[in-house]
Structures are given as structure tokens and as C-alpha cells.
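**Student:** The structure file work_35.cif (mmCIF, C-alpha atoms) is provided below.
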data_upload
loop_
_atom_site.group_PDB
_atom_site.id
_atom_site.type_symbol
_atom_site.label_atom_id
_atom_site.label_comp_id
_atom_site.auth_asym_id
_atom_site.auth_seq_id
_atom_site.Cartn_x
_atom_site.Cartn_y
_atom_site.Cartn_z
ATOM 1 C CA MET Q 70 61.524 43.345 155.967
ATOM 2 C CA THR Q 71 58.973 41.952 153.474
ATOM 3 C CA PRO Q 72 59.410 38.556 151.716
ATOM 4 C CA PHE Q 73 59.926 40.468 148.459
ATOM 5 C CA GLN Q 74 62.781 42.545 149.910
ATOM 6 C CA LEU Q 75 64.324 39.432 151.482
ATOM 7 C CA THR Q 76 64.275 37.547 148.167
ATOM 8 C CA VAL Q 77 65.746 40.512 146.257
ATOM 9 C CA LEU Q 78 68.452 40.823 148.922
ATOM 10 C CA ALA Q 79 69.243 37.087 148.637
ATOM 11 C CA PHE Q 80 69.540 37.375 144.830
ATOM 12 C CA ALA Q 81 71.805 40.417 145.248
ATOM 13 C CA VAL Q 82 74.048 38.655 147.789
ATOM 14 C CA VAL Q 83 74.449 35.567 145.558
ATOM 15 C CA SER Q 84 75.108 37.718 142.462
ATOM 16 C CA VAL Q 85 77.732 39.848 144.240
ATOM 17 C CA ALA Q 86 79.351 36.684 145.628
ATOM 18 C CA MET Q 87 79.576 35.284 142.081
ATOM 19 C CA VAL Q 88 81.209 38.474 140.787
ATOM 20 C CA LEU Q 89 83.688 38.424 143.706
ATOM 21 C CA LEU Q 90 84.481 34.744 143.106
ATOM 22 C CA GLU Q 91 85.044 35.376 139.387
ATOM 23 C CA THR Q 92 87.329 38.334 140.222
ATOM 24 C CA ALA Q 93 89.274 36.223 142.723
ATOM 25 C CA ALA Q 94 89.538 33.354 140.225
ATOM 26 C CA ARG Q 95 91.041 35.686 137.621
ATOM 27 C CA ARG Q 96 93.844 36.534 140.065
ATOM 28 C CA ARG Q 97 94.569 32.935 141.102
ATOM 29 C CA GLU Q 98 95.386 30.411 138.403
ATOM 30 C CA SER Q 99 94.287 27.453 140.551
ATOM 31 C CA TRP Q 100 90.722 28.750 141.050
ATOM 32 C CA PRO Q 101 88.028 27.826 138.507
ATOM 33 C CA ARG Q 102 86.252 30.665 136.690
ATOM 34 C CA LEU Q 103 82.638 30.684 135.547
ATOM 35 C CA GLY Q 104 83.922 29.760 132.087
ATOM 36 C CA ASP Q 105 85.587 26.653 133.564
ATOM 37 C CA VAL Q 106 82.297 25.664 135.203
ATOM 38 C CA PHE Q 107 80.463 25.845 131.869
ATOM 39 C CA THR Q 108 83.343 24.165 130.021
ATOM 40 C CA VAL Q 109 83.070 21.184 132.371
ATOM 41 C CA LEU Q 110 79.252 21.158 132.196
ATOM 42 C CA ALA Q 111 79.440 21.221 128.386
ATOM 43 C CA SER Q 112 82.327 18.772 128.031
ATOM 44 C CA ARG Q 113 79.910 16.093 126.775
ATOM 45 C CA ASN Q 114 77.497 16.686 123.917
ATOM 46 C CA SER Q 115 74.502 15.938 126.144
ATOM 47 C CA GLY Q 116 75.756 18.455 128.728
ATOM 48 C CA ARG Q 117 76.304 21.090 126.072
ATOM 49 C CA PHE Q 118 72.793 20.465 124.734
ATOM 50 C CA LEU Q 119 71.312 20.933 128.227
ATOM 51 C CA VAL Q 120 73.376 24.091 128.852
ATOM 52 C CA VAL Q 121 72.105 25.602 125.570
ATOM 53 C CA LEU Q 122 68.555 24.453 126.427
ATOM 54 C CA GLY Q 123 68.891 26.335 129.736
ATOM 55 C CA TRP Q 124 70.058 29.422 127.822
ATOM 56 C CA TRP Q 125 67.038 29.150 125.521
ATOM 57 C CA TRP Q 126 64.675 28.859 128.485
ATOM 58 C CA LEU Q 127 66.311 31.966 130.006
ATOM 59 C CA GLY Q 128 65.613 33.961 126.833
ATOM 60 C CA TRP Q 129 62.053 32.669 126.670
ATOM 61 C CA HIS Q 130 61.541 33.547 130.356
ATOM 62 C CA PHE Q 131 62.742 37.137 129.867
ATOM 63 C CA PHE Q 132 61.544 38.093 126.396
ATOM 64 C CA VAL Q 133 58.429 36.042 125.692
ATOM 65 C CA ARG Q 134 56.408 35.252 128.824
ATOM 66 C CA MET P 153 89.460 26.373 104.117
ATOM 67 C CA ALA P 154 91.272 25.482 107.355
ATOM 68 C CA ILE P 155 90.345 27.664 110.322
ATOM 69 C CA LEU P 156 93.128 26.835 112.777
ATOM 70 C CA PRO P 157 96.584 28.457 112.737
ATOM 71 C CA CYS P 158 98.878 25.944 111.073
ATOM 72 C CA ASP P 159 101.642 25.535 108.567
ATOM 73 C CA HIS P 160 101.534 27.713 105.431
ATOM 74 C CA ARG P 161 101.017 24.728 103.130
ATOM 75 C CA GLN P 162 98.221 23.235 105.289
ATOM 76 C CA ASN P 163 96.112 26.349 104.668
ATOM 77 C CA GLY P 164 96.326 25.981 100.937
ATOM 78 C CA GLY P 165 98.861 28.766 100.580
ATOM 79 C CA VAL P 166 96.956 31.256 102.757
ATOM 80 C CA SER P 167 98.982 32.881 105.570
ATOM 81 C CA THR P 168 97.857 32.669 109.193
ATOM 82 C CA GLN P 169 97.685 36.474 109.228
ATOM 83 C CA THR P 170 95.161 36.442 106.362
ATOM 84 C CA LEU P 171 93.166 33.783 108.201
ATOM 85 C CA ALA P 172 93.183 35.886 111.388
ATOM 86 C CA VAL P 173 91.938 38.932 109.462
ATOM 87 C CA GLU P 174 89.221 36.826 107.809
ATOM 88 C CA ARG P 175 88.199 35.390 111.196
ATOM 89 C CA ARG P 176 87.954 38.908 112.683
ATOM 90 C CA ARG P 177 85.894 40.084 109.703
ATOM 91 C CA ARG P 178 83.465 37.175 110.091
ATOM 92 C CA ARG P 179 83.257 37.814 113.821
ATOM 93 C CA GLY P 180 82.508 41.503 113.167
ATOM 94 C CA LEU P 181 79.782 40.607 110.668
ATOM 95 C CA LEU P 182 78.274 38.118 113.121
ATOM 96 C CA LEU P 183 78.267 40.731 115.894
ATOM 97 C CA ALA P 184 76.695 43.365 113.617
ATOM 98 C CA GLY P 185 74.037 40.851 112.535
ATOM 99 C CA ALA P 186 73.313 39.923 116.150
ATOM 100 C CA ALA P 187 73.034 43.613 117.102
ATOM 101 C CA LEU P 188 70.594 44.266 114.244
ATOM 102 C CA TYR P 189 68.558 41.171 115.135
ATOM 103 C CA ALA P 190 68.480 42.224 118.810
ATOM 104 C CA TRP P 191 67.397 45.744 117.869
ATOM 105 C CA VAL P 192 64.467 44.330 115.851
ATOM 106 C CA ALA P 193 63.624 41.774 118.571
ATOM 107 C CA GLY P 194 63.630 44.499 121.233
ATOM 108 C CA HIS P 195 60.746 46.233 119.484
ATOM 109 C CA PHE P 196 58.367 43.286 119.911
ATOM 110 C CA THR P 197 56.150 43.301 122.980
ATOM 111 C CA PRO P 198 56.429 40.267 125.301
ATOM 112 C CA PHE P 199 53.453 37.865 125.264
ATOM 113 C CA THR P 200 53.009 38.336 121.494
ATOM 114 C CA TRP P 201 53.740 35.795 118.743
ATOM 115 C CA PRO P 202 56.453 37.971 117.037
ATOM 116 C CA ALA P 203 58.380 38.025 120.345
ATOM 117 C CA ALA P 204 57.992 34.242 120.563
ATOM 118 C CA VAL P 205 59.244 33.759 116.989
ATOM 119 C CA VAL P 206 62.339 35.986 117.326
ATOM 120 C CA THR P 207 63.285 34.197 120.577
ATOM 121 C CA PHE P 208 62.497 30.739 119.190
ATOM 122 C CA ILE P 209 64.778 31.090 116.132
ATOM 123 C CA PRO P 210 68.171 31.706 117.869
ATOM 124 C CA GLY P 211 67.284 29.103 120.516
ATOM 125 C CA ALA P 212 66.530 26.472 117.881
ATOM 126 C CA ILE P 213 69.717 27.339 115.942
ATOM 127 C CA GLY P 214 71.743 27.193 119.177
ATOM 128 C CA LEU P 215 70.331 23.776 120.066
ATOM 129 C CA ALA P 216 70.977 22.450 116.558
ATOM 130 C CA LEU P 217 74.579 23.729 116.685
ATOM 131 C CA SER P 218 75.194 22.521 120.246
ATOM 132 C CA THR P 219 76.006 18.989 119.138
ATOM 133 C CA ARG P 220 77.815 19.983 115.932
ATOM 134 C CA LEU P 221 80.081 22.998 116.534
ATOM 135 C CA PRO P 222 83.708 22.326 117.487
ATOM 136 C CA ARG P 223 84.707 23.408 120.993
ATOM 137 C CA ARG P 224 86.864 26.530 121.385
ATOM 138 C CA THR P 225 87.990 25.677 124.926
ATOM 139 C CA THR P 226 89.212 22.633 126.844
ATOM 140 C CA PRO P 227 88.822 22.067 130.608
ATOM 141 C CA ARG P 228 91.832 23.408 132.551
ATOM 142 C CA GLN P 229 93.617 20.895 134.745
ATOM 143 C CA GLY P 230 94.761 21.239 138.363
ATOM 144 C CA LEU P 231 92.042 23.594 139.584
ATOM 145 C CA GLY P 232 91.445 23.701 143.352
ATOM 146 C CA ARG P 233 88.538 21.810 144.907
ATOM 147 C CA THR P 234 87.468 24.719 147.136
ATOM 148 C CA GLY P 235 86.771 26.948 144.147
ATOM 149 C CA TRP P 236 84.571 24.282 142.525
ATOM 150 C CA LEU P 237 82.627 23.791 145.781
ATOM 151 C CA VAL P 238 82.007 27.547 146.144
ATOM 152 C CA TRP P 239 80.756 27.748 142.527
ATOM 153 C CA ILE P 240 78.467 24.740 143.062
ATOM 154 C CA ALA P 241 77.098 26.288 146.277
ATOM 155 C CA LEU P 242 76.420 29.677 144.636
ATOM 156 C CA ILE P 243 74.812 28.209 141.513
ATOM 157 C CA THR P 244 72.658 25.911 143.681
ATOM 158 C CA MET P 245 71.534 28.923 145.737
ATOM 159 C CA LEU P 246 70.695 30.893 142.588
ATOM 160 C CA VAL P 247 68.726 28.014 141.055
ATOM 161 C CA GLY P 248 67.059 27.343 144.439
ATOM 162 C CA LEU P 249 65.965 30.971 144.838
ATOM 163 C CA GLU P 250 64.598 31.036 141.288
ATOM 164 C CA ALA P 251 62.743 27.725 141.736
ATOM 165 C CA TYR P 252 61.355 28.836 145.102
ATOM 166 C CA GLY P 253 60.115 32.125 143.619
ATOM 167 C CA PHE P 254 58.626 30.262 140.660
ATOM 168 C CA PHE P 255 56.730 27.684 142.734
ATOM 169 C CA ALA P 256 55.714 30.231 145.391
ATOM 170 C CA GLY P 257 53.709 32.150 142.813
ATOM 171 C CA SER P 258 56.405 34.276 141.151
ATOM 172 C CA SER P 259 54.984 37.668 142.118
ATOM 173 C CA THR P 260 56.301 41.201 142.412
ATOM 174 C CA SER P 261 54.987 41.453 145.977
ATOM 175 C CA GLY P 262 55.775 38.023 147.477
ATOM 176 C CA HIS P 263 58.672 35.871 146.317
ATOM 177 C CA PRO P 264 59.917 37.196 142.965
ATOM 178 C CA THR P 265 61.878 35.336 140.300
ATOM 179 C CA VAL P 266 64.750 37.014 138.438
ATOM 180 C CA SER P 267 62.373 38.012 135.637
ATOM 181 C CA ASN P 268 60.003 39.727 138.129
ATOM 182 C CA ILE P 269 62.967 41.768 139.389
ATOM 183 C CA VAL P 270 64.417 42.750 136.018
ATOM 184 C CA ASN P 271 61.058 43.266 134.259
ATOM 185 C CA HIS P 272 61.064 46.933 135.284
ATOM 186 C CA GLY P 273 64.301 47.379 133.369
ATOM 187 C CA LEU P 274 62.924 45.632 130.268
ATOM 188 C CA HIS P 275 59.975 47.959 129.701
ATOM 189 C CA SER P 276 61.607 50.141 127.051
ATOM 190 C CA ASN P 277 62.473 48.839 123.568
ATOM 191 C CA GLU P 278 66.109 49.966 123.916
ATOM 192 C CA THR P 279 66.814 48.105 127.161
ATOM 193 C CA ARG P 280 65.003 45.020 125.840
ATOM 194 C CA ALA P 281 67.144 45.162 122.678
ATOM 195 C CA LEU P 282 70.307 45.524 124.773
ATOM 196 C CA ALA P 283 69.293 42.604 127.000
ATOM 197 C CA PHE P 284 68.466 40.530 123.893
ATOM 198 C CA PHE P 285 71.917 41.278 122.462
ATOM 199 C CA GLY P 286 73.460 40.229 125.792
ATOM 200 C CA TRP P 287 71.440 37.002 125.670
ATOM 201 C CA LEU P 288 72.660 36.271 122.104
ATOM 202 C CA THR P 289 76.329 36.897 122.981
ATOM 203 C CA PHE P 290 75.939 34.742 126.108
ATOM 204 C CA GLY P 291 74.598 31.946 123.899
ATOM 205 C CA ASP P 292 77.565 32.331 121.546
ATOM 206 C CA TRP P 293 79.925 32.194 124.538
ATOM 207 C CA LEU P 294 78.198 29.019 125.791
ATOM 208 C CA LEU P 295 78.415 27.388 122.355
ATOM 209 C CA GLY P 296 82.178 27.935 122.449
ATOM 210 C CA ARG P 297 82.507 25.865 125.650
#
Could you render the structure as C-alpha cells?

**Tutor:**
Amino acid sequence: MTPFQLTVLAFAVVSVAMVLLETAARRRESWPRLGDVFTVLASRNSGRFLVVLGWWWLGWHFFVR
Amino acid sequence: MAILPCDHRQNGGVSTQTLAVERRRRRGLLLAGAALYAWVAGHFTPFTWPAAVVTFIPGAIGLALSTRLPRRTTPRQGLGRTGWLVWIALITMLVGLEAYGFFAGSSTSGHPTVSNIVNHGLHSNETRALAFFGWLTFGDWLLGR
């Protein structure tokens, strides 16, 4: 297996795990969802600013460079 | 005009039902505007200044609003520790993989970043417009946190 295939596989595994965790969290009230993670990260103004800055960088990364 | 559901008199004589309809109408207009903007943005080629401008504008607006907009959600209490730890582990892995790919040269043959992987899907104007719309709605969702 090439390094490229290994990296793509690792990204796929992490992404699928996130989807499974989100699905599980929606069935159990005591488990945090992705929305809870971002709500906590953005609970302070500085955190919210950094979260939005990360979102901006993501857009720049995909659509500009 | 008040935007939260409250007593009839607190809304200046406007019913909560009217406010809900108005809120839905504004939301619909915002979505339609975002879709139109994304459709236009999707037609600009990456690495050009128009693509930079159409990506810069929503980012700058989002950053300006990030410290001003009221929050639409509050942190839920009593959530299990295991769930938090699993989220932290997965997000760390995702960021780690992206950083590793980035510093290892970010190529389509060696260690790719997320953008190297999804670039194939962003070649056509339609998919780029769809992805741009997804990015805008994700930003709106984040601003509501």
C-alpha cells in the first residue's frame, strides 16, 4: 500500500468514526454531539472568533489556493 | 422588533405566530441569497483574484459577526466524559493527518491533505458551487453556536 493510499484510508476511517459517533450521540442523550463540541469551543467570544477563523481558512484552502 | 417568542405585549402587539412566519421568510431569503452567491462563486477558477474576493467577503463578514451575534444554543449539561474524549481523539487525529500532509509536501502522490483528496470533485463549476453553499451553511451553523 502506497503512502497516498494509507493517508486516504486514515482520513476515511476517522471520517466514518465521526459519523458513527454522531449517530450514536443522537440516540443517547448523555453523549455529546458535534454541535455540543462546537458550542463549548465557541462558548467564549475568543473561541467563537477562532472557530470562525478556522472555517474561513477551510474555505480559502478549498476554493482559493 | 423583538425576535424571541414572548408575551403578546412584549412584541409590540405582534403575535408569536407572525414572528415565526417572518423569521422563516427571512431564513428563506438568506438561504436563497447564499445559494445564488455560491452559484456565482462556483464559476470562478481557483487561484484567481475573483475566487479570492468571493471567499474573502463571507469570511470577513463571519469574523465581524462572530463577536456580535447572539448565540442560538447553550452548552448542554451532564454529558458523559467518554463521549468528549472520543470526540477530542478523533478531531486531534483529523487535524494531525491534515497537518502531517501539509508539512510533508501536500501532494497527490505522497501524503495528501483533505483538499488534495477532494480537489478531483471540485473541478466542475456545479460541484464547486455546491461545496461553496455547504461551506456557507456550515459557517452559519457555526455562528449560531

**Student:** What is the CA of Arg95 (chain Q) to CA of Leu294 (chain P) distance in Å?

**Tutor:**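 CA of Leu294 (chain P) lies at a distance of 18.7 Å from CA of Arg95 (chain Q).
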
**Student:** On this structure, the PyMOL selection byres ((chain P) within 6 of (chain Q)) would catch which residues? List them as a PyMOL selection string, sorted by chain and number.

**Tutor:** chain P and resi 198-199+203-204+211+218-219+227+231-232+235+261-263+267+297

**Student:** Using CA of Leu89 (chain Q) and CA of Ile243 (chain P) as the two end points, give the distance in Å to one decimal.

**Tutor:**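 Value for the CA of Leu89 (chain Q)-CA of Ile243 (chain P) distance: 13.7 Å.
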
**Student:** Please indicate the distance in Å from CA of Thr279 (chain P) to CA of Phe196 (chain P), rounded to one decimal place.

**Tutor:** 12.1 Å

**Student:** Which residues would end up in the selection if the PyMOL selection byres ((chain P and resi 283) around 10) were applied here, given that I need the answer as a VMD selection string?

**Tutor:** (chain Q and resid 128 131 to 132) or (chain P and resid 190 to 191 194 273 to 274 277 to 282 284 to 289)

**Student:** Model the absent atoms of region 258-273 of chain P so that N, CA and C atoms are present, and write the result as a compact mmCIF listing (two decimals), in the frame of the given file.

**Tutor:**
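Now in selection.txt:
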# COMPACT_ATOMS: atom_id res chain seq x y z
N SER P 258 55.68 33.37 142.03
CA SER P 258 56.40 34.28 141.15
C SER P 258 55.74 35.66 141.04
N SER P 259 55.66 36.37 142.15
CA SER P 259 54.98 37.67 142.12
C SER P 259 55.94 38.81 142.41
N THR P 260 55.46 40.02 142.14
CA THR P 260 56.30 41.20 142.41
C THR P 260 56.09 41.70 143.84
N SER P 261 55.20 41.03 144.59
CA SER P 261 54.99 41.45 145.98
C SER P 261 55.45 40.39 146.97
N GLY P 262 55.37 39.11 146.58
CA GLY P 262 55.78 38.02 147.48
C GLY P 262 57.20 37.59 147.23
N HIS P 263 57.33 36.40 146.61
CA HIS P 263 58.67 35.87 146.32
C HIS P 263 58.93 36.00 144.81
N PRO P 264 59.71 36.98 144.40
CA PRO P 264 59.92 37.20 142.96
C PRO P 264 60.95 36.25 142.35
N THR P 265 60.82 36.02 141.05
CA THR P 265 61.88 35.34 140.30
C THR P 265 62.77 36.43 139.70
N VAL P 266 63.84 36.03 139.05
CA VAL P 266 64.75 37.01 138.44
C VAL P 266 63.98 37.88 137.43
N SER P 267 63.09 37.24 136.66
CA SER P 267 62.37 38.01 135.64
C SER P 267 61.45 39.05 136.28
N ASN P 268 60.84 38.73 137.44
CA ASN P 268 60.00 39.73 138.13
C ASN P 268 60.84 40.94 138.52
N ILE P 269 62.10 40.68 138.93
CA ILE P 269 62.97 41.77 139.39
C ILE P 269 63.44 42.63 138.21
N VAL P 270 63.85 41.97 137.13
CA VAL P 270 64.42 42.75 136.02
C VAL P 270 63.37 43.27 135.03
N ASN P 271 62.11 42.83 135.19
CA ASN P 271 61.06 43.27 134.26
C ASN P 271 60.94 44.78 134.16
N HIS P 272 61.15 45.47 135.30
CA HIS P 272 61.06 46.93 135.28
C HIS P 272 62.08 47.51 134.30
N GLY P 273 63.24 46.88 134.25
CA GLY P 273 64.30 47.38 133.37
C GLY P 273 64.09 47.01 131.91
